[in-house]
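Q: Structure incoming, see below.
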Amino acid sequence: MTSLRRWSASPRAWNSDACLLPTARATTVSYEVHVLRNDVLGMLKELGLNGAYSAYDELLEQGRRTGSTPEKILLALLQAEKTERHMRSIRYRLGIAKFPVMKDLEGFDFPSSTVIENRIRTLCQGGFMEARTNVVFVGGTGTGKTHLSVAIGTQCIRNGARVRFFNLLDLVNKLEREKADGKAGR
């Protein structure tokens with residue numbers, strides 16, 4: 001047994017063959033993991049699971065660090081997908097709402113206004129939409145009509161509703177065009 005040489009302090013690595021086996025195995029495992037990762041990411045992309053696709057590496061690494069079960073990692077990926085779809089839906093509905101500017105209630109100066117704050121906060125809950133009624137703000141220039149309507153509409157969108165912003169002139173013109181085209185009330 002004169003061919004045995006000590007390569008490291010590890011008892012497993014006393015000869016050159018024993019030292020090469022873990023390295024070759026690690027390379028094979030690493031390659032398989034890389035191929036699997038690419039296959040999984042390809043499938044996520046192909047299935048349109050963009051939220052899970054973008055969170056995959058981070059959630060998988062976090063799951064490995066914490067010793068999570070595959071079910072917990074899968075659940076985290078599905079939650080990431082659900083969150084991404086919800087955010088995409090909000091972005092889409094904000095786009096079709098055609099708000100002239102983005103505003104929220106925190107930026108509105110209630111103390112210097114004659115507006116009743118509780119009434120506005122109630123409108124933000126969207127009960128008027130369930131009752132199938134419209135909200136129209138009337139007042140002089142600079143009284144906050146646009147600010148409040150955009151803030152209420154934005155909150156209703158975050159709550160899951162579809163909203164469309166019109167100023168009075170645009171709404172009247174749209175209704176006149178529909179009437180002229182014989183599509184009034186649609």
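If you're wondering about the labels, chains in the structure tokens are A, B, ... by order shown, residues count from 1 in each chain, ligands from 1 in order shown.
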Could you give me, as a tab-separated table, a per-residue list for stretch 83-150 of chain A showing, wherever an atom lies at most 8 Å from an atom of stretch 164-179 of chain A, the closest pair of atoms and their distance in Å to one decimal, using only C-alpha atoms and sorting by chain then residue number from low to high?

A:
```
residue	atom	partner	partner_atom	distance
A:Ile96	CA	A:Arg164	CA	7.0
A:Ala97	CA	A:Arg164	CA	4.2
A:Lys98	CA	A:Phe165	CA	5.8
A:Phe99	CA	A:Phe165	CA	5.8
A:Ser149	CA	A:Phe165	CA	7.8
A:Val150	CA	A:Phe165	CA	7.5
```

Q: Only all heavy atoms, please: the residues just picked out, written as an mmCIF file, in the first residue's frame.

A:
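Result saved to out_11.cif:
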```cif
data_model
loop_
_atom_site.group_PDB
_atom_site.id
_atom_site.type_symbol
_atom_site.label_atom_id
_atom_site.label_comp_id
_atom_site.auth_asym_id
_atom_site.auth_seq_id
_atom_site.Cartn_x
_atom_site.Cartn_y
_atom_site.Cartn_z
ATOM 1 N N ILE A 96 -56.690 51.948 -17.652
ATOM 2 C CA ILE A 96 -57.950 52.145 -18.364
ATOM 3 C C ILE A 96 -58.864 53.136 -17.655
ATOM 4 O O ILE A 96 -59.837 53.590 -18.245
ATOM 5 C CB ILE A 96 -58.696 50.814 -18.612
ATOM 6 C CG1 ILE A 96 -59.097 50.140 -17.321
ATOM 7 C CG2 ILE A 96 -57.897 49.902 -19.500
ATOM 8 C CD1 ILE A 96 -60.020 48.945 -17.518
ATOM 9 N N ALA A 97 -58.544 53.501 -16.411
ATOM 10 C CA ALA A 97 -59.353 54.494 -15.696
ATOM 11 C C ALA A 97 -59.181 55.884 -16.298
ATOM 12 O O ALA A 97 -60.051 56.740 -16.161
ATOM 13 C CB ALA A 97 -58.982 54.521 -14.217
ATOM 14 N N LYS A 98 -58.046 56.111 -16.981
ATOM 15 C CA LYS A 98 -57.765 57.388 -17.650
ATOM 16 C C LYS A 98 -57.739 58.573 -16.684
ATOM 17 O O LYS A 98 -58.267 59.646 -16.963
ATOM 18 C CB LYS A 98 -58.781 57.669 -18.764
ATOM 19 C CG LYS A 98 -58.914 56.567 -19.768
ATOM 20 C CD LYS A 98 -57.955 56.747 -20.877
ATOM 21 C CE LYS A 98 -58.300 55.745 -21.973
ATOM 22 N NZ LYS A 98 -57.204 55.279 -22.687
ATOM 23 N N PHE A 99 -57.117 58.361 -15.525
ATOM 24 C CA PHE A 99 -56.966 59.472 -14.577
ATOM 25 C C PHE A 99 -56.017 60.503 -15.169
ATOM 26 O O PHE A 99 -54.980 60.144 -15.734
ATOM 27 C CB PHE A 99 -56.400 58.989 -13.241
ATOM 28 C CG PHE A 99 -57.312 58.082 -12.471
ATOM 29 C CD1 PHE A 99 -56.860 56.891 -11.947
ATOM 30 C CD2 PHE A 99 -58.639 58.433 -12.238
ATOM 31 C CE1 PHE A 99 -57.686 56.060 -11.221
ATOM 32 C CE2 PHE A 99 -59.477 57.604 -11.515
ATOM 33 C CZ PHE A 99 -59.003 56.422 -11.003
ATOM 34 N N SER A 149 -61.855 62.758 -6.745
ATOM 35 C CA SER A 149 -62.388 61.695 -7.602
ATOM 36 C C SER A 149 -61.299 60.698 -7.990
ATOM 37 O O SER A 149 -61.539 59.487 -8.024
ATOM 38 C CB SER A 149 -63.078 62.275 -8.834
ATOM 39 O OG SER A 149 -62.191 63.042 -9.589
ATOM 40 N N VAL A 150 -60.095 61.185 -8.251
ATOM 41 C CA VAL A 150 -58.990 60.281 -8.573
ATOM 42 C C VAL A 150 -58.618 59.444 -7.346
ATOM 43 O O VAL A 150 -58.393 58.235 -7.452
ATOM 44 C CB VAL A 150 -57.772 61.068 -9.101
ATOM 45 C CG1 VAL A 150 -56.535 60.188 -9.182
ATOM 46 C CG2 VAL A 150 -58.088 61.672 -10.459
#
```

Q: Give me every helix (DSSP H, G or I) residue in stretch 6-184 of chain A, going by DSSP on the backbone, as a PyMOL selection string.

A: chain A and resi 11-13+16-46+50-66+70-97+105-107+117-124+127-130+145-158+168-180

Q: With a distance cut-off of 10 Å and only C-alpha atoms, select the neighbouring residues of A:Ala55, excluding the residue or stretch itself and same-chain residues fewer than 3 positions from it, and output the selection as a PDB file with N, CA, C and O atoms, in the first residue's frame.

A:
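Generated file (result_13.pdb):
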```
ATOM      1  N   ASN A  50     -45.280  34.619 -14.501  1.00  0.00           N
ATOM      2  CA  ASN A  50     -44.203  35.607 -14.390  1.00  0.00           C
ATOM      3  C   ASN A  50     -43.812  35.917 -12.958  1.00  0.00           C
ATOM      4  O   ASN A  50     -42.648  36.175 -12.666  1.00  0.00           O
ATOM      5  N   GLY A  51     -44.771  35.923 -12.046  1.00  0.00           N
ATOM      6  CA  GLY A  51     -44.458  36.179 -10.644  1.00  0.00           C
ATOM      7  C   GLY A  51     -43.606  35.075 -10.057  1.00  0.00           C
ATOM      8  O   GLY A  51     -42.617  35.332  -9.366  1.00  0.00           O
ATOM      9  N   ALA A  52     -43.963  33.829 -10.326  1.00  0.00           N
ATOM     10  CA  ALA A  52     -43.182  32.689  -9.843  1.00  0.00           C
ATOM     11  C   ALA A  52     -41.816  32.664 -10.526  1.00  0.00           C
ATOM     12  O   ALA A  52     -40.805  32.360  -9.897  1.00  0.00           O
ATOM     13  N   GLU A  58     -34.792  33.382  -5.655  1.00  0.00           N
ATOM     14  CA  GLU A  58     -34.783  33.915  -4.284  1.00  0.00           C
ATOM     15  C   GLU A  58     -35.543  33.000  -3.325  1.00  0.00           C
ATOM     16  O   GLU A  58     -35.054  32.685  -2.238  1.00  0.00           O
ATOM     17  N   LEU A  59     -36.727  32.563  -3.723  1.00  0.00           N
ATOM     18  CA  LEU A  59     -37.531  31.717  -2.837  1.00  0.00           C
ATOM     19  C   LEU A  59     -36.929  30.323  -2.668  1.00  0.00           C
ATOM     20  O   LEU A  59     -36.996  29.742  -1.575  1.00  0.00           O
ATOM     21  N   LEU A  60     -36.327  29.790  -3.720  1.00  0.00           N
ATOM     22  CA  LEU A  60     -35.684  28.486  -3.610  1.00  0.00           C
ATOM     23  C   LEU A  60     -34.485  28.556  -2.667  1.00  0.00           C
ATOM     24  O   LEU A  60     -34.319  27.690  -1.806  1.00  0.00           O
ATOM     25  N   ALA A  76     -44.945  29.325  -1.507  1.00  0.00           N
ATOM     26  CA  ALA A  76     -44.351  30.663  -1.628  1.00  0.00           C
ATOM     27  C   ALA A  76     -44.305  31.105  -3.087  1.00  0.00           C
ATOM     28  O   ALA A  76     -44.577  32.275  -3.401  1.00  0.00           O
ATOM     29  N   LEU A  77     -43.992  30.181  -3.996  1.00  0.00           N
ATOM     30  CA  LEU A  77     -43.986  30.518  -5.430  1.00  0.00           C
ATOM     31  C   LEU A  77     -45.384  30.867  -5.917  1.00  0.00           C
ATOM     32  O   LEU A  77     -45.566  31.814  -6.688  1.00  0.00           O
ATOM     33  N   LEU A  78     -46.383  30.117  -5.469  1.00  0.00           N
ATOM     34  CA  LEU A  78     -47.763  30.405  -5.873  1.00  0.00           C
ATOM     35  C   LEU A  78     -48.238  31.737  -5.302  1.00  0.00           C
ATOM     36  O   LEU A  78     -48.950  32.493  -5.972  1.00  0.00           O
ATOM     37  N   GLN A  79     -47.828  32.053  -4.077  1.00  0.00           N
ATOM     38  CA  GLN A  79     -48.179  33.351  -3.500  1.00  0.00           C
ATOM     39  C   GLN A  79     -47.517  34.485  -4.265  1.00  0.00           C
ATOM     40  O   GLN A  79     -48.134  35.540  -4.487  1.00  0.00           O
ATOM     41  N   ALA A  80     -46.278  34.283  -4.684  1.00  0.00           N
ATOM     42  CA  ALA A  80     -45.589  35.301  -5.493  1.00  0.00           C
ATOM     43  C   ALA A  80     -46.319  35.511  -6.813  1.00  0.00           C
ATOM     44  O   ALA A  80     -46.478  36.646  -7.275  1.00  0.00           O
ATOM     45  N   GLU A  81     -46.789  34.427  -7.419  1.00  0.00           N
ATOM     46  CA  GLU A  81     -47.547  34.532  -8.669  1.00  0.00           C
ATOM     47  C   GLU A  81     -48.858  35.278  -8.453  1.00  0.00           C
ATOM     48  O   GLU A  81     -49.234  36.143  -9.243  1.00  0.00           O
ATOM     49  N   GLU A  84     -48.150  38.971  -8.004  1.00  0.00           N
ATOM     50  CA  GLU A  84     -47.792  39.584  -9.290  1.00  0.00           C
ATOM     51  C   GLU A  84     -49.030  39.817 -10.152  1.00  0.00           C
ATOM     52  O   GLU A  84     -49.190  40.872 -10.761  1.00  0.00           O
TER      53      GLU A  84
END
```

Q: In Å to one decimal, how far is atom CA of A:Tyr92 from atom CA of A:Tyr56?

A: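 Here the two named atoms are 24.1 Å from each other.
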
Q: What's the separation between atom CA of A:Gly42 and atom CA of A:Arg85, in Å to one decimal place?

A: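 Between atom CA of A:Gly42 and atom CA of A:Arg85 the gap works out to 18.7 Å.
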
Q: Have a look at A:Ala180, A:Gly67, A:Leu94, A:Lys103 and name the one nearest to A:Asn159; count only C-alpha atoms.

A: A:Leu94

Q: By how many Å are atom CA of A:Thr141 and atom CA of A:Gly153 apart?

A: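 Separating atom CA of A:Thr141 from atom CA of A:Gly153 is a distance of 20.0 Å.
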
Q: Just checking: using only C-alpha atoms, which residue out of A:Arg88, A:Gly63, A:Met102, A:Gly140 ends up closest to A:Leu75?

A: A:Gly63

Q: When you count only C-alpha atoms, which of these residues is closest to A:Ile157: A:Met129, A:Ile90, A:Ile120, A:Val101?

A: A:Ile90
